[in-house]
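What follows is the content of query.pdb, which has PDB, N, CA and C atoms:
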```pdb
ATOM      1  N   MET Z 273      -1.197   9.289   7.884
ATOM      2  CA  MET Z 273      -0.358   8.153   7.504
ATOM      3  C   MET Z 273       0.975   8.286   8.230
ATOM      4  N   ASN Z 274       1.409   7.209   8.778
ATOM      5  CA  ASN Z 274       2.661   7.141   9.532
ATOM      6  C   ASN Z 274       3.858   7.294   8.578
ATOM      7  N   ASP Z 275       4.698   8.327   8.811
ATOM      8  CA  ASP Z 275       5.861   8.571   7.944
ATOM      9  C   ASP Z 275       6.824   7.394   7.924
ATOM     10  N   ARG Z 276       6.982   6.736   9.061
ATOM     11  CA  ARG Z 276       7.900   5.597   9.128
ATOM     12  C   ARG Z 276       7.434   4.478   8.203
ATOM     13  N   ARG Z 277       6.144   4.254   8.171
ATOM     14  CA  ARG Z 277       5.573   3.229   7.295
ATOM     15  C   ARG Z 277       5.766   3.597   5.826
ATOM     16  N   VAL Z 278       5.555   4.866   5.501
ATOM     17  CA  VAL Z 278       5.726   5.334   4.126
ATOM     18  C   VAL Z 278       7.192   5.216   3.708
ATOM     19  N   ILE Z 279       8.111   5.620   4.581
ATOM     20  CA  ILE Z 279       9.536   5.507   4.260
ATOM     21  C   ILE Z 279       9.917   4.051   4.020
ATOM     22  N   SER Z 280       9.387   3.152   4.819
ATOM     23  CA  SER Z 280       9.656   1.720   4.605
ATOM     24  C   SER Z 280       9.140   1.280   3.244
ATOM     25  N   GLY Z 281       7.975   1.760   2.853
ATOM     26  CA  GLY Z 281       7.421   1.435   1.539
ATOM     27  C   GLY Z 281       8.277   1.980   0.412
ATOM     28  N   ILE Z 282       8.740   3.213   0.560
ATOM     29  CA  ILE Z 282       9.607   3.819  -0.454
ATOM     30  C   ILE Z 282      10.900   3.018  -0.581
ATOM     31  N   LEU Z 283      11.498   2.689   0.549
ATOM     32  CA  LEU Z 283      12.739   1.908   0.508
ATOM     33  C   LEU Z 283      12.513   0.529  -0.090
ATOM     34  N   HIS Z 284      11.363  -0.068   0.177
ATOM     35  CA  HIS Z 284      11.047  -1.371  -0.418
ATOM     36  C   HIS Z 284      11.025  -1.267  -1.941
ATOM     37  N   VAL Z 285      10.348  -0.252  -2.450
ATOM     38  CA  VAL Z 285      10.255  -0.078  -3.905
ATOM     39  C   VAL Z 285      11.635   0.174  -4.501
ATOM     40  N   LEU Z 286      12.427   1.018  -3.858
ATOM     41  CA  LEU Z 286      13.749   1.336  -4.396
ATOM     42  C   LEU Z 286      14.690   0.131  -4.357
ATOM     43  N   ARG Z 287      14.604  -0.667  -3.284
ATOM     44  CA  ARG Z 287      15.471  -1.854  -3.170
ATOM     45  C   ARG Z 287      15.052  -2.962  -4.124
ATOM     46  N   SER Z 288      13.750  -3.199  -4.214
ATOM     47  CA  SER Z 288      13.271  -4.344  -4.994
ATOM     48  C   SER Z 288      13.119  -4.034  -6.481
ATOM     49  N   GLY Z 289      12.934  -2.761  -6.802
ATOM     50  CA  GLY Z 289      12.735  -2.387  -8.196
ATOM     51  C   GLY Z 289      11.317  -2.607  -8.686
ATOM     52  N   CYS Z 290      10.405  -2.904  -7.762
ATOM     53  CA  CYS Z 290       9.018  -3.119  -8.172
ATOM     54  C   CYS Z 290       8.352  -1.786  -8.526
ATOM     55  N   ARG Z 291       7.210  -1.870  -9.178
ATOM     56  CA  ARG Z 291       6.447  -0.668  -9.491
ATOM     57  C   ARG Z 291       5.780  -0.161  -8.215
ATOM     58  N   TRP Z 292       5.490   1.129  -8.178
ATOM     59  CA  TRP Z 292       4.839   1.702  -7.000
ATOM     60  C   TRP Z 292       3.553   0.956  -6.680
ATOM     61  N   ARG Z 293       2.774   0.645  -7.694
ATOM     62  CA  ARG Z 293       1.474  -0.006  -7.454
ATOM     63  C   ARG Z 293       1.613  -1.449  -6.972
ATOM     64  N   ASP Z 294       2.814  -2.014  -7.074
ATOM     65  CA  ASP Z 294       3.035  -3.381  -6.602
ATOM     66  C   ASP Z 294       3.619  -3.425  -5.187
ATOM     67  N   CYS Z 295       3.744  -2.273  -4.559
ATOM     68  CA  CYS Z 295       4.256  -2.208  -3.191
ATOM     69  C   CYS Z 295       3.263  -2.923  -2.260
ATOM     70  N   PRO Z 296       3.750  -3.753  -1.348
ATOM     71  CA  PRO Z 296       2.853  -4.483  -0.447
ATOM     72  C   PRO Z 296       1.940  -3.534   0.346
ATOM     73  N   PRO Z 297       0.718  -3.941   0.572
ATOM     74  CA  PRO Z 297      -0.264  -3.069   1.236
ATOM     75  C   PRO Z 297       0.076  -2.703   2.677
ATOM     76  N   GLU Z 298       0.954  -3.458   3.335
ATOM     77  CA  GLU Z 298       1.283  -3.114   4.724
ATOM     78  C   GLU Z 298       2.027  -1.780   4.835
ATOM     79  N   TYR Z 299       2.519  -1.250   3.711
ATOM     80  CA  TYR Z 299       3.191   0.044   3.717
ATOM     81  C   TYR Z 299       2.219   1.197   3.473
ATOM     82  N   GLY Z 300       0.996   0.894   3.164
ATOM     83  CA  GLY Z 300      -0.001   1.922   2.886
ATOM     84  C   GLY Z 300      -0.331   1.956   1.407
ATOM     85  N   PRO Z 301      -1.220   2.874   1.039
ATOM     86  CA  PRO Z 301      -1.618   2.981  -0.370
ATOM     87  C   PRO Z 301      -0.436   3.356  -1.266
ATOM     88  N   ALA Z 302      -0.349   2.708  -2.406
ATOM     89  CA  ALA Z 302       0.757   2.953  -3.337
ATOM     90  C   ALA Z 302       0.789   4.405  -3.799
ATOM     91  N   THR Z 303      -0.374   5.020  -3.981
ATOM     92  CA  THR Z 303      -0.394   6.414  -4.425
ATOM     93  C   THR Z 303       0.218   7.334  -3.368
ATOM     94  N   THR Z 304      -0.037   7.056  -2.108
ATOM     95  CA  THR Z 304       0.545   7.860  -1.027
ATOM     96  C   THR Z 304       2.057   7.723  -1.027
ATOM     97  N   ILE Z 305       2.541   6.510  -1.156
ATOM     98  CA  ILE Z 305       3.981   6.258  -1.143
ATOM     99  C   ILE Z 305       4.658   6.958  -2.318
ATOM    100  N   CYS Z 306       4.090   6.819  -3.496
ATOM    101  CA  CYS Z 306       4.651   7.451  -4.694
ATOM    102  C   CYS Z 306       4.599   8.971  -4.587
ATOM    103  N   ASN Z 307       3.472   9.510  -4.130
ATOM    104  CA  ASN Z 307       3.326  10.969  -4.024
ATOM    105  C   ASN Z 307       4.303  11.557  -3.012
ATOM    106  N   ARG Z 308       4.474  10.878  -1.876
ATOM    107  CA  ARG Z 308       5.417  11.393  -0.866
ATOM    108  C   ARG Z 308       6.849  11.342  -1.394
ATOM    109  N   TYR Z 309       7.200  10.254  -2.078
ATOM    110  CA  TYR Z 309       8.546  10.168  -2.651
ATOM    111  C   TYR Z 309       8.780  11.333  -3.619
ATOM    112  N   SER Z 310       7.821  11.575  -4.491
ATOM    113  CA  SER Z 310       7.950  12.649  -5.481
ATOM    114  C   SER Z 310       8.019  14.014  -4.806
ATOM    115  N   ARG Z 311       7.150  14.248  -3.837
ATOM    116  CA  ARG Z 311       7.104  15.536  -3.142
ATOM    117  C   ARG Z 311       8.394  15.773  -2.363
ATOM    118  N   TRP Z 312       8.841  14.747  -1.634
ATOM    119  CA  TRP Z 312      10.057  14.886  -0.838
ATOM    120  C   TRP Z 312      11.281  15.056  -1.740
ATOM    121  N   SER Z 313      11.279  14.421  -2.911
ATOM    122  CA  SER Z 313      12.393  14.590  -3.852
ATOM    123  C   SER Z 313      12.438  16.028  -4.352
ATOM    124  N   ALA Z 314      11.294  16.563  -4.709
ATOM    125  CA  ALA Z 314      11.233  17.941  -5.212
ATOM    126  C   ALA Z 314      11.657  18.943  -4.149
ATOM    127  N   GLN Z 315      11.404  18.647  -2.890
ATOM    128  CA  GLN Z 315      11.756  19.547  -1.794
ATOM    129  C   GLN Z 315      13.194  19.365  -1.307
ATOM    130  N   GLY Z 316      13.902  18.390  -1.857
ATOM    131  CA  GLY Z 316      15.291  18.152  -1.472
ATOM    132  C   GLY Z 316      15.452  17.407  -0.155
ATOM    133  N   ILE Z 317      14.389  16.824   0.346
ATOM    134  CA  ILE Z 317      14.439  16.133   1.635
ATOM    135  C   ILE Z 317      15.340  14.906   1.571
ATOM    136  N   TRP Z 318      15.244  14.129   0.505
ATOM    137  CA  TRP Z 318      16.088  12.930   0.385
ATOM    138  C   TRP Z 318      17.559  13.313   0.360
ATOM    139  N   LYS Z 319      17.881  14.380  -0.353
ATOM    140  CA  LYS Z 319      19.272  14.823  -0.422
ATOM    141  C   LYS Z 319      19.795  15.171   0.972
ATOM    142  N   ARG Z 320      19.010  15.902   1.747
ATOM    143  CA  ARG Z 320      19.420  16.274   3.093
ATOM    144  C   ARG Z 320      19.577  15.044   4.001
ATOM    145  N   ILE Z 321      18.656  14.089   3.866
ATOM    146  CA  ILE Z 321      18.750  12.863   4.680
ATOM    147  C   ILE Z 321      20.049  12.135   4.386
ATOM    148  N   PHE Z 322      20.357  11.946   3.109
ATOM    149  CA  PHE Z 322      21.556  11.201   2.741
ATOM    150  C   PHE Z 322      22.833  11.969   3.086
ATOM    151  N   GLU Z 323      22.787  13.294   2.997
ATOM    152  CA  GLU Z 323      23.957  14.081   3.415
ATOM    153  C   GLU Z 323      24.232  13.921   4.900
ATOM    154  N   ARG Z 324      23.187  13.948   5.702
ATOM    155  CA  ARG Z 324      23.360  13.783   7.150
ATOM    156  C   ARG Z 324      23.814  12.372   7.505
ATOM    157  N   LEU Z 325      23.289  11.381   6.798
ATOM    158  CA  LEU Z 325      23.721  10.009   7.054
ATOM    159  C   LEU Z 325      25.197   9.840   6.676
ATOM    160  N   ALA Z 326      25.601  10.444   5.587
ATOM    161  CA  ALA Z 326      26.994  10.333   5.147
ATOM    162  C   ALA Z 326      27.944  11.030   6.109
ATOM    163  N   ALA Z 327      27.468  12.100   6.740
ATOM    164  CA  ALA Z 327      28.309  12.865   7.659
ATOM    165  C   ALA Z 327      28.394  12.211   9.042
ATOM    166  N   ALA Z 328      27.488  11.309   9.333
ATOM    167  CA  ALA Z 328      27.463  10.687  10.663
ATOM    168  C   ALA Z 328      28.562   9.679  10.862
TER     169      ALA Z 328
END
```

Entire entry expressed as structure tokens:
Amino acid sequence: MNDRRVISGILHVLRSGCRWRDCPPEYGPATTICNRYSRWSAQGIWKRIFERLAAA
């Protein structure tokens, strides 16, 4: 699964407030999007991304 597509799906859910299962299919399976968000959150990846964006 393309990470860029998954990130777009995650951002769509976070911006729109929709449920994971209501994410449009062009972003990939909802379970993949939800699982990656959860896994990346637990690993601190989102925190590092936002820290680097803030520092740029």

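Residue neighbourhood of segment 287-296 of chain Z, excluding near-sequence residues (fewer than 2 positions): Arg277, Val278, Ile279, Ser280, Gly281, Ile282, Leu283, His284, Val285, Glu298, Tyr299, Gly300, Pro301, Ala302, Thr303, Thr304, Ile305, Cys306, Asn307, Arg308, Tyr309 and Ser310 of chain Z, at 12 Å, using only C-alpha atoms.
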
For those residues, write N, CA and C atoms to a file as a PDB file, in the coordinates of the input.
```
ATOM      1  N   ARG Z 277       6.144   4.254   8.171  1.00  0.00           N
ATOM      2  CA  ARG Z 277       5.573   3.229   7.295  1.00  0.00           C
ATOM      3  C   ARG Z 277       5.766   3.597   5.826  1.00  0.00           C
ATOM      4  N   VAL Z 278       5.555   4.866   5.501  1.00  0.00           N
ATOM      5  CA  VAL Z 278       5.726   5.334   4.126  1.00  0.00           C
ATOM      6  C   VAL Z 278       7.192   5.216   3.708  1.00  0.00           C
ATOM      7  N   ILE Z 279       8.111   5.620   4.581  1.00  0.00           N
ATOM      8  CA  ILE Z 279       9.536   5.507   4.260  1.00  0.00           C
ATOM      9  C   ILE Z 279       9.917   4.051   4.020  1.00  0.00           C
ATOM     10  N   SER Z 280       9.387   3.152   4.819  1.00  0.00           N
ATOM     11  CA  SER Z 280       9.656   1.720   4.605  1.00  0.00           C
ATOM     12  C   SER Z 280       9.140   1.280   3.244  1.00  0.00           C
ATOM     13  N   GLY Z 281       7.975   1.760   2.853  1.00  0.00           N
ATOM     14  CA  GLY Z 281       7.421   1.435   1.539  1.00  0.00           C
ATOM     15  C   GLY Z 281       8.277   1.980   0.412  1.00  0.00           C
ATOM     16  N   ILE Z 282       8.740   3.213   0.560  1.00  0.00           N
ATOM     17  CA  ILE Z 282       9.607   3.819  -0.454  1.00  0.00           C
ATOM     18  C   ILE Z 282      10.900   3.018  -0.581  1.00  0.00           C
ATOM     19  N   LEU Z 283      11.498   2.689   0.549  1.00  0.00           N
ATOM     20  CA  LEU Z 283      12.739   1.908   0.508  1.00  0.00           C
ATOM     21  C   LEU Z 283      12.513   0.529  -0.090  1.00  0.00           C
ATOM     22  N   HIS Z 284      11.363  -0.068   0.177  1.00  0.00           N
ATOM     23  CA  HIS Z 284      11.047  -1.371  -0.418  1.00  0.00           C
ATOM     24  C   HIS Z 284      11.025  -1.267  -1.941  1.00  0.00           C
ATOM     25  N   VAL Z 285      10.348  -0.252  -2.450  1.00  0.00           N
ATOM     26  CA  VAL Z 285      10.255  -0.078  -3.905  1.00  0.00           C
ATOM     27  C   VAL Z 285      11.635   0.174  -4.501  1.00  0.00           C
ATOM     28  N   GLU Z 298       0.954  -3.458   3.335  1.00  0.00           N
ATOM     29  CA  GLU Z 298       1.283  -3.114   4.724  1.00  0.00           C
ATOM     30  C   GLU Z 298       2.027  -1.780   4.835  1.00  0.00           C
ATOM     31  N   TYR Z 299       2.519  -1.250   3.711  1.00  0.00           N
ATOM     32  CA  TYR Z 299       3.191   0.044   3.717  1.00  0.00           C
ATOM     33  C   TYR Z 299       2.219   1.197   3.473  1.00  0.00           C
ATOM     34  N   GLY Z 300       0.996   0.894   3.164  1.00  0.00           N
ATOM     35  CA  GLY Z 300      -0.001   1.922   2.886  1.00  0.00           C
ATOM     36  C   GLY Z 300      -0.331   1.956   1.407  1.00  0.00           C
ATOM     37  N   PRO Z 301      -1.220   2.874   1.039  1.00  0.00           N
ATOM     38  CA  PRO Z 301      -1.618   2.981  -0.370  1.00  0.00           C
ATOM     39  C   PRO Z 301      -0.436   3.356  -1.266  1.00  0.00           C
ATOM     40  N   ALA Z 302      -0.349   2.708  -2.406  1.00  0.00           N
ATOM     41  CA  ALA Z 302       0.757   2.953  -3.337  1.00  0.00           C
ATOM     42  C   ALA Z 302       0.789   4.405  -3.799  1.00  0.00           C
ATOM     43  N   THR Z 303      -0.374   5.020  -3.981  1.00  0.00           N
ATOM     44  CA  THR Z 303      -0.394   6.414  -4.425  1.00  0.00           C
ATOM     45  C   THR Z 303       0.218   7.334  -3.368  1.00  0.00           C
ATOM     46  N   THR Z 304      -0.037   7.056  -2.108  1.00  0.00           N
ATOM     47  CA  THR Z 304       0.545   7.860  -1.027  1.00  0.00           C
ATOM     48  C   THR Z 304       2.057   7.723  -1.027  1.00  0.00           C
ATOM     49  N   ILE Z 305       2.541   6.510  -1.156  1.00  0.00           N
ATOM     50  CA  ILE Z 305       3.981   6.258  -1.143  1.00  0.00           C
ATOM     51  C   ILE Z 305       4.658   6.958  -2.318  1.00  0.00           C
ATOM     52  N   CYS Z 306       4.090   6.819  -3.496  1.00  0.00           N
ATOM     53  CA  CYS Z 306       4.651   7.451  -4.694  1.00  0.00           C
ATOM     54  C   CYS Z 306       4.599   8.971  -4.587  1.00  0.00           C
ATOM     55  N   ASN Z 307       3.472   9.510  -4.130  1.00  0.00           N
ATOM     56  CA  ASN Z 307       3.326  10.969  -4.024  1.00  0.00           C
ATOM     57  C   ASN Z 307       4.303  11.557  -3.012  1.00  0.00           C
ATOM     58  N   ARG Z 308       4.474  10.878  -1.876  1.00  0.00           N
ATOM     59  CA  ARG Z 308       5.417  11.393  -0.866  1.00  0.00           C
ATOM     60  C   ARG Z 308       6.849  11.342  -1.394  1.00  0.00           C
ATOM     61  N   TYR Z 309       7.200  10.254  -2.078  1.00  0.00           N
ATOM     62  CA  TYR Z 309       8.546  10.168  -2.651  1.00  0.00           C
ATOM     63  C   TYR Z 309       8.780  11.333  -3.619  1.00  0.00           C
ATOM     64  N   SER Z 310       7.821  11.575  -4.491  1.00  0.00           N
ATOM     65  CA  SER Z 310       7.950  12.649  -5.481  1.00  0.00           C
ATOM     66  C   SER Z 310       8.019  14.014  -4.806  1.00  0.00           C
TER      67      SER Z 310
END
```

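For the atom pair formed by atom C of Met273 of chain Z and atom C of Leu286 of chain Z, the distance is 20.3 Å, given to one decimal.
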
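Our summary of the geometry notes that atom N of Arg311 of chain Z is positioned 14.9 Å from atom N of Arg276 of chain Z.
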
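Interatomic distance, atom N of Asp275 of chain Z to atom N of Ile321 of chain Z: 15.9 Å.
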